[in-house]
Each structure stands twice: as C-alpha cells, then as structure tokens.
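*Asks:* The structure is given below, and queries will be raised subsequently.
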Amino acid sequence: MSVNKQVGRVFLVGAGPGDPRLLTVRGLWCLRQADLVLYDGLVNPLLLRETSAAAERTSRAAGVDGRRLDQEEINRRLIATAREGKTVVRLKGGDPFVFGRGSEEAAALAEAGIPFEVVPGVTAAVAAGAYAGISFTHRELSSAVAFVTGHEDPVKPSSRLDYESLARFPGTLVFYMGLDRLPEIAKSLIEHGMPGDTPAAVICKATLPAQRTLTGTLDGIATQVQAAGLKPPSLIIVGECISQREHIAWFEQCPLFGQRIGITRPLKQAGNEIERCLDLGAQPVLMPLIEIKPPDDPGLLDAAIARLNEFDWLVFTSVNGVRALFDRIWEIGLDSRVVSRLKLAAIGPATAEALHEYRLRADLVPESYRSEDLASAMTPHVKGQRVLWPRASRGRDVLIESLTAAEAQIETVVAYRHCDAESLPDQAIELLEAGQLDWILLSSPAIARRLSALLPDAVRPQLGQSTRLAAISPVTADAAHECGLPIATVAETFTWEGLWESVLKAVQSPFAPRK
C-alpha cells in the first residue's frame, strides 16, 4: 500500500480484554504516536496514560447524555481525521477482527484510500479462559474450540447459527456477548442433542479485579447466572475443559483480588503503584491529591546550580527532588559532572534509586527512612560543611533544624512545587458513597491533609469501616489523626513497598474485617 504523505494513518488496535498490561508492544507504540485516540467503552481507561493524544470515547449505545455514535459516524471520523494528516488510533476491546467490527472500519478506510494498519490484540475469550483457569484445548478433554457470537445482527430474518452442528461440536464452545440470550442458547443446544449435564461457565469482566466466574451445567447455568446477578461484559463457555478450573485458577487467588485501592500519588508518579496494585489482583482507583509542578521561579534553582561548587553535600528527601534538580541541570545545558565533588545523601532506597537513574550513587542512606533518621546519620559528617537541600515548596523543617544544630551550613532551594488537587475524582466519590472503595493509601502528611479537606461529610462515616486508610509512616499517620482520619495500618518500612506490605498483612490478618 503506497502512503500519501499528505494523508495521515489509522491504526486499528486491539486493546486486549481489560487488564491494561495485556496490550501488545506494537499497540503501545501506536498509542505513543497518536494525535487522536478513539476508544471503545470496553477499553480500560488506564491505557490512556500511555498517550499524550486527545482521547474520545465512542459508543454505539446511548450514554448518560443520550448521545450515541453509530458505526458509520465512527468510520467518517477516522477518515476525516486522517485526511487532516493526523495519526489516529482506533482502540478496540479485545481483538479488532474478532467480533469487533474492525473489518468494517478497515473496509471503509480502504475504500477512502486511507493508509491503515491492523494491530491484533489478545481476544477476550482467550484471556478470560486463561485468567479463570480454563484451557479451551487439552489433550484429554478438547481438541477444538469454536468462537461463536451470542448477539447476532437483530435485522437478520433468522439466526445463522447451526445449533445442530454446535451441539455435536467435538470441543469447547465459547459464546461472546450472549449473556442476555443465555437461556435461549442453552435451550437450543440441549434441544439439538447436547447433554444437559455438560459443564458450562460464565465469566464476567474477565481479567479485571472485578472478574466473576460461575460454573455449573448447561441445563442450570442460566438460572444460576440470574440468581447471582451477573452482568455483561461476559463470555459463556461450554465443554469438558471447565473441569480444570478447580486446579489451575490463579488470578482469583491473588492476595488482594477484587479490592479497590485508592492511589493518591501524583499521576505522573503513580505508574509503579498501578503495576503493584494489578500484580496483587486489585483495582487501582486513581485519586491524585497533589500535583508536582516546576517552581514558580526557576531562576532561583538555576542560581543554586551555578553555585554547586560551593557546597560539600547534596541532600535529597524525595524522588521528586532528585529528578527536579537533575532534569533542570540537563535543561540548562549541563550534566551530572557538576556534582562530581559533592557527597550525596538520600532519605531512602527509592530516592537512592532515583539517583541511579542519573548514574549516581548515594554516599549516605539511613537505615530508617525519616527526616529525623537522615539528619542523625548525617550529623557526624557535616560539621562546618555546606549542605544544599533541593526541596518541595512545603514540608517539614526537621532537616534544617537538626543539621544547623550539628553546625552545618544548610541552604534550601525550591526544586518543585506541591499543588493541591481541587477535588476528588468522580469515580472515587462514587465508590466511597457506595462503600466500595476498600483502601486509600496515604504517602505523605500533605496528602493526608488534602484528603481530609476534600472528603464529603457524607462519606466520612465509611472511613474505618468499608474504606480503610493506610499510612506510609508514623508522621503521615499523625497528620491523618490530627484531621480526624482513622488509620488502619502503618508501614513498618517507610516506603511504598512497605505500605503495600502493611495492607497485605492487614487483609490477611484473621482479625481483619470481612465484607
């Protein structure tokens, strides 16, 4: 296909089934090149963190505002935007060509002469089986698998599904989008000869922490689903392969499976915690309470950089301080050689690791990760020496007081600003009001205070009950208590990993409250 340089390009990208980590490497590359992303409602919004493009949700069903976007309108939008010379990613749940209308969009682009590429995705059925412990093929149980739509075009005069052949199929049947028609599907299979005691399963919200899997037999599965109140999106699986689930279901055994956890870090720094949350089987709920921004007057930081040769020590009390200083050093045309004669102190391993990103090693890291412990560790080494502390626009002054008492000459410079969030995200409020947010993780006194300021009075009674709070340190816990926030657990090691460990212990404790 020849490429017209005056025309953009469209990528039809499969986003996978829900877990954002199942996006392909090629799909990730496409997101990072995009000018516009049009994404389906089944796409996990966490994927949008990977793009700086404008992102718009498309829906073929009426939304809360009553607006719906039909397929023809989506096709026109793809064509028109590409003709503006832009790169468009059409991000679709699962795989674009497996019950995803991707082929219709590809045909429209081809007819319009728009260059396009199809990027396959992990289709929902394959991922659902893997996450529920059901292998569709097995040497002893099933040598074939059939993917079947459970939701045909309503304008068809009759079903194209040959239930007689499906009932005799020598393997596993997987029905997409058929939950509303489950009674009819089960009845038709049984009427055409499939035994009623054939194993059957329904998997809802596959690969997400909200995944639910219900197993039974073909003649009773519809009644079970109705009683359990299962909702789409879902897949129906029929076949002997379901018997494996009891032994190899792994996802639902994750230690925090199904928990919803509020991540209060700034969005740009939340990546590691989102990954950790997903690793543990939990749903990350992004609720950044502060944002990190450059200083109001970068000239003051530039002046401090110009005087680095006057100091003996650089001390860092956060990852943000490290990155703010060294990124600014690079931006003004210098590099890390400007700190070659200085000793470096870091408050903890995460801050020391941030120095590693710039190929620097900390000379001093205290055994316990608080400002008091950092000051104690530095005290024997700094008498009569000059110390520069690139810090946040606000915070505790323990380090200044302690090092001054140790006869060091300490100066500070604002390397970055803490800016308070103006409100809690709607999703967090909705989950709090419904009593469905299990944890909120607090990583600093400022974050604890901001949470208290933004919490609606109506949800405060939920705290300590349906919603528990975890603090990264005693200092953070004290700040929370001063604001009337109950703390359920405090990290023993004052790092994010320590915070996760404290939550795991609290959840696994025999005395932990159960819902």
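Starting from 1 in every chain, residues are counted up; chains themselves are A, B, ... following the order of the structure tokens, and ligands are numbered from 1 as listed.
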Just asking: which residues within stretch 240-358 of chain A are strand (DSSP E) according to DSSP, as a short mmCIF file (atom, residue, chain, number, x, y, z; two decimals) with N, CA and C atoms, in the first residue's frame?
*Replies:*
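File produced: selection12.cif:
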data_model
loop_
_atom_site.label_atom_id
_atom_site.label_comp_id
_atom_site.auth_asym_id
_atom_site.auth_seq_id
_atom_site.Cartn_x
_atom_site.Cartn_y
_atom_site.Cartn_z
N ARG A 260 -10.58 -2.69 45.78
CA ARG A 260 -10.41 -1.40 45.08
C ARG A 260 -9.56 -0.50 45.98
N ILE A 261 -8.47 0.01 45.40
CA ILE A 261 -7.47 0.70 46.22
C ILE A 261 -7.20 2.09 45.66
N GLY A 262 -7.39 3.10 46.48
CA GLY A 262 -7.15 4.47 46.07
C GLY A 262 -5.68 4.81 46.07
N ILE A 263 -5.17 5.20 44.92
CA ILE A 263 -3.76 5.59 44.77
C ILE A 263 -3.72 7.12 44.74
N GLN A 283 -7.89 -3.47 41.99
CA GLN A 283 -8.23 -2.43 41.02
C GLN A 283 -7.69 -1.09 41.50
N PRO A 284 -6.75 -0.49 40.76
CA PRO A 284 -6.27 0.84 41.16
C PRO A 284 -7.31 1.91 40.86
N VAL A 285 -7.59 2.72 41.84
CA VAL A 285 -8.50 3.85 41.67
C VAL A 285 -7.65 5.11 41.79
N LEU A 286 -7.47 5.81 40.68
CA LEU A 286 -6.58 6.96 40.67
C LEU A 286 -7.27 8.16 41.31
N ILE A 290 -2.24 15.54 45.15
CA ILE A 290 -1.34 16.66 44.88
C ILE A 290 -0.75 16.46 43.49
N GLU A 291 -0.28 17.55 42.92
CA GLU A 291 0.38 17.51 41.63
C GLU A 291 1.76 18.14 41.79
N ILE A 292 2.73 17.57 41.08
CA ILE A 292 4.10 18.09 41.15
C ILE A 292 4.33 19.02 39.96
N LYS A 293 4.74 20.25 40.24
CA LYS A 293 4.98 21.23 39.18
C LYS A 293 6.33 21.91 39.38
N TRP A 313 27.80 18.89 50.36
CA TRP A 313 26.79 17.84 50.33
C TRP A 313 25.56 18.30 49.54
N LEU A 314 24.96 17.34 48.85
CA LEU A 314 23.60 17.49 48.33
C LEU A 314 22.74 16.49 49.09
N VAL A 315 21.62 16.93 49.64
CA VAL A 315 20.75 16.02 50.38
C VAL A 315 19.38 15.99 49.71
N PHE A 316 18.87 14.80 49.52
CA PHE A 316 17.58 14.61 48.84
C PHE A 316 16.61 13.86 49.75
N LYS A 343 29.23 15.11 47.99
CA LYS A 343 28.69 13.88 48.55
C LYS A 343 27.16 13.96 48.48
N LEU A 344 26.54 12.80 48.29
CA LEU A 344 25.10 12.75 48.08
C LEU A 344 24.44 11.94 49.20
N ALA A 345 23.40 12.51 49.79
CA ALA A 345 22.63 11.82 50.82
C ALA A 345 21.20 11.65 50.33
N ALA A 346 20.64 10.47 50.57
CA ALA A 346 19.26 10.17 50.15
C ALA A 346 18.49 9.64 51.35
#
*Asks:* Excluding stretch 458-463 of chain A and residues on its chain fewer than 4 positions from it, collect all residues at most 7 Å away from it, counting only C-alpha atoms, and give them as JSON, numbers by chain.
*Replies:* {"A": [432, 433, 435, 467, 468, 486]}
*Asks:* Which polymer residues have any atom within 12 Å of an atom of A:Gly8, counting only C-alpha atoms, with same-chain residues fewer than 5 positions away left out, as a list of chain:residue names?
*Replies:*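 So the residues in contact are A:Val3, A:Gln33, A:Ala34, A:Asp35, A:Leu36, A:Leu78, A:Ile79, A:Ala80, A:Thr81, A:Ala82, A:Arg83, A:Glu84, A:Gly85, A:Lys86, A:Thr87, A:Val88, A:Val89, A:Leu109, A:Gly113, A:Ile114, A:Pro115, A:Phe116, A:Glu117.
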*Asks:* Could the residues in this selection be saved with C-alpha atoms as a compact mmCIF listing (two decimals), in the first residue's frame?
*Replies:*
# COMPACT_ATOMS: atom_id res chain seq x y z
CA VAL A 3 1.49 6.06 1.55
CA GLN A 33 2.49 8.09 18.16
CA ALA A 34 -1.17 9.07 18.07
CA ASP A 35 -2.67 12.52 17.58
CA LEU A 36 -6.18 11.22 18.29
CA LEU A 78 -11.49 8.09 11.20
CA ILE A 79 -11.35 9.11 7.54
CA ALA A 80 -11.76 12.83 8.14
CA THR A 81 -9.09 13.00 10.85
CA ALA A 82 -6.59 11.02 8.76
CA ARG A 83 -7.20 13.39 5.84
CA GLU A 84 -6.06 16.20 8.13
CA GLY A 85 -2.66 14.49 8.18
CA LYS A 86 -3.05 13.11 11.69
CA THR A 87 -2.23 9.73 13.16
CA VAL A 88 -5.36 8.09 14.54
CA VAL A 89 -5.59 5.09 16.84
CA LEU A 109 -10.62 3.14 5.22
CA GLY A 113 -7.81 5.48 0.25
CA ILE A 114 -6.63 5.99 3.84
CA PRO A 115 -3.44 4.12 4.84
CA PHE A 116 -4.13 1.86 7.80
CA GLU A 117 -2.66 -0.97 9.84
*Asks:* I'd like the interatomic distance between atom CA of A:Gly193 and atom CA of A:Ala167, to a tenth of an Å.
*Replies:*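 Atom CA of A:Gly193 sits 5.9 Å away from atom CA of A:Ala167.
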*Asks:* Between A:Ala206, A:Ala108, A:Val503, A:Val7, which one has atoms that come closest to A:Pro255, using only C-alpha atoms?
*Replies:*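 That would be A:Val503, the residue with the smallest distance to A:Pro255.
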*Asks:* Can you list every residue in stretch 307-471 of chain A that DSSP puts in alpha helix (DSSP H), as a count of residues only?
*Replies:* 55
*Asks:* If we count only C-alpha atoms and set the cut-off at 12 Å, which residues sit around A:Asn44, ignoring sequence neighbours fewer than 2 positions away in its own chain? Please answer as a compact mmCIF listing (two decimals) with all heavy atoms, in the first residue's frame.
*Replies:*
# COMPACT_ATOMS: atom_id res chain seq x y z
N GLY A 14 -6.06 -3.57 18.76
CA GLY A 14 -6.73 -4.36 19.79
C GLY A 14 -6.15 -4.04 21.16
O GLY A 14 -4.94 -4.17 21.39
N ALA A 15 -7.01 -3.58 22.07
CA ALA A 15 -6.56 -3.18 23.40
C ALA A 15 -6.48 -4.34 24.37
O ALA A 15 -6.02 -4.19 25.50
CB ALA A 15 -7.50 -2.11 23.96
N GLY A 16 -6.93 -5.52 23.94
CA GLY A 16 -6.96 -6.65 24.86
C GLY A 16 -8.25 -6.65 25.67
O GLY A 16 -9.14 -5.82 25.48
N PRO A 17 -8.36 -7.57 26.62
CA PRO A 17 -9.65 -7.84 27.28
C PRO A 17 -10.00 -6.95 28.46
O PRO A 17 -11.13 -6.98 28.92
CB PRO A 17 -9.47 -9.28 27.75
CG PRO A 17 -8.00 -9.35 28.06
CD PRO A 17 -7.32 -8.53 27.01
N GLY A 18 -9.07 -6.20 28.99
CA GLY A 18 -9.37 -5.37 30.17
C GLY A 18 -8.14 -5.06 30.99
O GLY A 18 -7.89 -3.91 31.34
N ASP A 19 -7.37 -6.08 31.33
CA ASP A 19 -6.11 -5.84 32.04
C ASP A 19 -5.21 -5.00 31.13
O ASP A 19 -4.84 -5.46 30.04
CB ASP A 19 -5.45 -7.19 32.36
CG ASP A 19 -4.19 -7.03 33.22
OD1 ASP A 19 -3.56 -5.95 33.17
OD2 ASP A 19 -3.83 -7.99 33.91
N PRO A 20 -4.84 -3.79 31.54
CA PRO A 20 -4.08 -2.91 30.64
C PRO A 20 -2.71 -3.46 30.27
O PRO A 20 -2.13 -3.07 29.27
CB PRO A 20 -3.97 -1.60 31.43
CG PRO A 20 -4.14 -2.00 32.86
CD PRO A 20 -5.10 -3.14 32.83
N ARG A 21 -2.20 -4.41 31.05
CA ARG A 21 -0.87 -4.95 30.78
C ARG A 21 -0.88 -5.96 29.64
O ARG A 21 0.18 -6.43 29.22
CB ARG A 21 -0.31 -5.58 32.05
CG ARG A 21 -0.15 -4.58 33.19
CD ARG A 21 0.20 -5.26 34.48
NE ARG A 21 -0.84 -6.22 34.87
CZ ARG A 21 -0.76 -6.99 35.93
NH1 ARG A 21 0.29 -6.93 36.72
NH2 ARG A 21 -1.72 -7.83 36.23
N LEU A 22 -2.07 -6.29 29.13
CA LEU A 22 -2.15 -7.24 28.02
C LEU A 22 -2.14 -6.55 26.66
O LEU A 22 -2.28 -7.20 25.63
CB LEU A 22 -3.42 -8.10 28.15
CG LEU A 22 -3.45 -9.00 29.40
CD1 LEU A 22 -4.73 -9.83 29.41
CD2 LEU A 22 -2.23 -9.90 29.45
N LEU A 23 -1.97 -5.24 26.64
CA LEU A 23 -1.77 -4.55 25.37
C LEU A 23 -0.45 -5.01 24.74
O LEU A 23 0.54 -5.21 25.44
CB LEU A 23 -1.72 -3.04 25.61
CG LEU A 23 -1.54 -2.15 24.37
CD1 LEU A 23 -2.81 -2.14 23.53
CD2 LEU A 23 -1.18 -0.72 24.78
N TYR A 39 -11.60 5.46 21.42
CA TYR A 39 -11.59 4.18 22.13
C TYR A 39 -12.98 3.71 22.49
O TYR A 39 -13.87 4.50 22.77
CB TYR A 39 -10.71 4.26 23.38
CG TYR A 39 -11.22 5.17 24.47
CD1 TYR A 39 -11.88 4.65 25.58
CD2 TYR A 39 -11.00 6.55 24.42
CE1 TYR A 39 -12.33 5.49 26.60
CE2 TYR A 39 -11.44 7.39 25.43
CZ TYR A 39 -12.10 6.85 26.52
OH TYR A 39 -12.56 7.67 27.52
N ASP A 40 -13.15 2.40 22.46
CA ASP A 40 -14.43 1.78 22.80
C ASP A 40 -14.67 1.82 24.31
O ASP A 40 -13.74 1.94 25.10
CB ASP A 40 -14.46 0.33 22.33
CG ASP A 40 -14.79 0.21 20.84
OD1 ASP A 40 -15.25 1.20 20.26
OD2 ASP A 40 -14.59 -0.89 20.28
N GLY A 41 -15.93 1.63 24.66
CA GLY A 41 -16.30 1.63 26.07
C GLY A 41 -15.69 0.50 26.87
O GLY A 41 -15.56 0.61 28.09
N LEU A 42 -15.32 -0.61 26.23
CA LEU A 42 -14.73 -1.74 26.95
C LEU A 42 -13.23 -1.59 27.16
O LEU A 42 -12.61 -2.44 27.80
CB LEU A 42 -15.03 -3.05 26.21
CG LEU A 42 -16.50 -3.48 26.17
CD1 LEU A 42 -16.65 -4.79 25.41
CD2 LEU A 42 -17.07 -3.61 27.58
N LEU A 46 -7.08 3.11 31.89
CA LEU A 46 -5.68 3.20 32.32
C LEU A 46 -4.73 3.22 31.14
O LEU A 46 -3.63 3.75 31.22
CB LEU A 46 -5.34 2.03 33.25
CG LEU A 46 -5.91 2.07 34.66
CD1 LEU A 46 -5.59 0.78 35.40
CD2 LEU A 46 -5.38 3.27 35.44
N LEU A 47 -5.16 2.64 30.01
CA LEU A 47 -4.30 2.65 28.83
C LEU A 47 -4.07 4.06 28.30
O LEU A 47 -3.07 4.32 27.63
CB LEU A 47 -4.92 1.79 27.73
CG LEU A 47 -4.81 0.27 27.92
CD1 LEU A 47 -5.58 -0.46 26.83
CD2 LEU A 47 -3.36 -0.16 27.93
N LEU A 48 -4.98 4.97 28.57
CA LEU A 48 -4.85 6.33 28.05
C LEU A 48 -3.69 7.07 28.71
O LEU A 48 -3.27 8.12 28.21
CB LEU A 48 -6.16 7.09 28.25
CG LEU A 48 -7.38 6.44 27.56
CD1 LEU A 48 -8.62 7.26 27.82
CD2 LEU A 48 -7.14 6.28 26.06
N ARG A 49 -3.15 6.53 29.79
CA ARG A 49 -1.96 7.13 30.40
C ARG A 49 -0.76 7.01 29.48
O ARG A 49 0.23 7.73 29.65
CB ARG A 49 -1.64 6.44 31.73
CG ARG A 49 -2.69 6.58 32.80
CD ARG A 49 -2.42 5.71 34.01
NE ARG A 49 -1.06 5.85 34.51
CZ ARG A 49 -0.12 4.90 34.40
NH1 ARG A 49 -0.38 3.76 33.80
NH2 ARG A 49 1.08 5.10 34.90
N GLU A 50 -0.84 6.12 28.51
CA GLU A 50 0.29 5.87 27.62
C GLU A 50 0.32 6.79 26.41
O GLU A 50 1.17 6.62 25.54
CB GLU A 50 0.27 4.40 27.15
CG GLU A 50 0.30 3.38 28.27
CD GLU A 50 1.61 3.39 29.04
OE1 GLU A 50 2.58 4.01 28.55
OE2 GLU A 50 1.66 2.79 30.13
N ARG A 57 -14.11 8.82 23.84
CA ARG A 57 -14.80 7.54 23.95
C ARG A 57 -15.90 7.45 22.91
O ARG A 57 -16.66 8.40 22.71
CB ARG A 57 -15.38 7.38 25.35
CG ARG A 57 -16.03 6.03 25.63
CD ARG A 57 -16.53 5.99 27.07
NE ARG A 57 -17.06 4.68 27.41
CZ ARG A 57 -18.31 4.32 27.23
NH1 ARG A 57 -19.18 5.16 26.68
NH2 ARG A 57 -18.74 3.12 27.58
N LEU A 91 -8.88 2.38 19.16
CA LEU A 91 -8.54 1.44 20.21
C LEU A 91 -9.80 0.63 20.56
O LEU A 91 -10.79 1.18 21.03
CB LEU A 91 -8.02 2.19 21.43
CG LEU A 91 -7.27 1.41 22.50
CD1 LEU A 91 -6.05 0.71 21.93
CD2 LEU A 91 -6.87 2.32 23.65
N LYS A 92 -9.72 -0.67 20.31
CA LYS A 92 -10.90 -1.52 20.43
C LYS A 92 -10.65 -2.62 21.45
O LYS A 92 -9.56 -3.19 21.53
CB LYS A 92 -11.23 -2.14 19.08
CG LYS A 92 -11.44 -1.09 17.97
CD LYS A 92 -11.61 -1.71 16.61
CE LYS A 92 -12.95 -2.39 16.47
NZ LYS A 92 -14.08 -1.44 16.51
N GLY A 93 -11.67 -2.94 22.24
CA GLY A 93 -11.54 -4.02 23.21
C GLY A 93 -11.25 -5.34 22.53
O GLY A 93 -11.75 -5.63 21.45
N GLY A 94 -10.41 -6.16 23.17
CA GLY A 94 -10.08 -7.46 22.61
C GLY A 94 -9.26 -7.33 21.34
O GLY A 94 -8.29 -6.59 21.26
N LYS A 205 -16.49 -9.66 33.21
CA LYS A 205 -15.41 -8.70 33.44
C LYS A 205 -14.06 -9.40 33.54
O LYS A 205 -13.27 -9.19 34.46
CB LYS A 205 -15.70 -7.86 34.68
CG LYS A 205 -16.97 -7.04 34.55
CD LYS A 205 -17.21 -6.12 35.72
CE LYS A 205 -18.48 -5.29 35.50
NZ LYS A 205 -18.76 -4.40 36.62
N ALA A 206 -13.80 -10.24 32.55
CA ALA A 206 -12.60 -11.06 32.56
C ALA A 206 -11.33 -10.24 32.61
O ALA A 206 -11.24 -9.17 32.00
CB ALA A 206 -12.59 -11.94 31.31
N THR A 207 -10.36 -10.72 33.34
CA THR A 207 -9.01 -10.18 33.54
C THR A 207 -8.98 -8.94 34.42
O THR A 207 -7.91 -8.38 34.65
CB THR A 207 -8.27 -9.87 32.21
OG1 THR A 207 -8.76 -8.64 31.65
CG2 THR A 207 -8.41 -11.00 31.21
N LEU A 208 -10.13 -8.49 34.90
CA LEU A 208 -10.18 -7.33 35.79
C LEU A 208 -10.35 -7.80 37.23
O LEU A 208 -10.86 -8.90 37.47
CB LEU A 208 -11.34 -6.41 35.39
CG LEU A 208 -11.21 -5.75 34.01
CD1 LEU A 208 -12.52 -5.05 33.66
CD2 LEU A 208 -10.06 -4.77 33.98
N GLN A 283 -7.89 -3.47 41.99
CA GLN A 283 -8.23 -2.43 41.02
C GLN A 283 -7.69 -1.09 41.50
O GLN A 283 -8.10 -0.59 42.54
CB GLN A 283 -9.75 -2.32 40.84
CG GLN A 283 -10.17 -1.17 39.93
CD GLN A 283 -11.66 -0.98 39.86
OE1 GLN A 283 -12.41 -1.91 40.12
NE2 GLN A 283 -12.11 0.21 39.52
N PRO A 284 -6.75 -0.49 40.76
CA PRO A 284 -6.27 0.84 41.16
C PRO A 284 -7.31 1.91 40.86
O PRO A 284 -7.86 1.96 39.76
CB PRO A 284 -5.01 1.02 40.30
CG PRO A 284 -5.20 0.13 39.12
CD PRO A 284 -6.08 -1.00 39.56
*Asks:* Can you work out the spacing between atom CA of A:Ser336 and atom CA of A:Glu401 in Å, to one decimal?
*Replies:*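 The value is 28.5 Å.
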*Asks:* Please list as an NGL selection string every residue within 8 Å of A:Leu308, counting only C-alpha atoms and excluding residues in the same chain fewer than 4 positions away.
*Replies:* :A and (304 or 338-339)
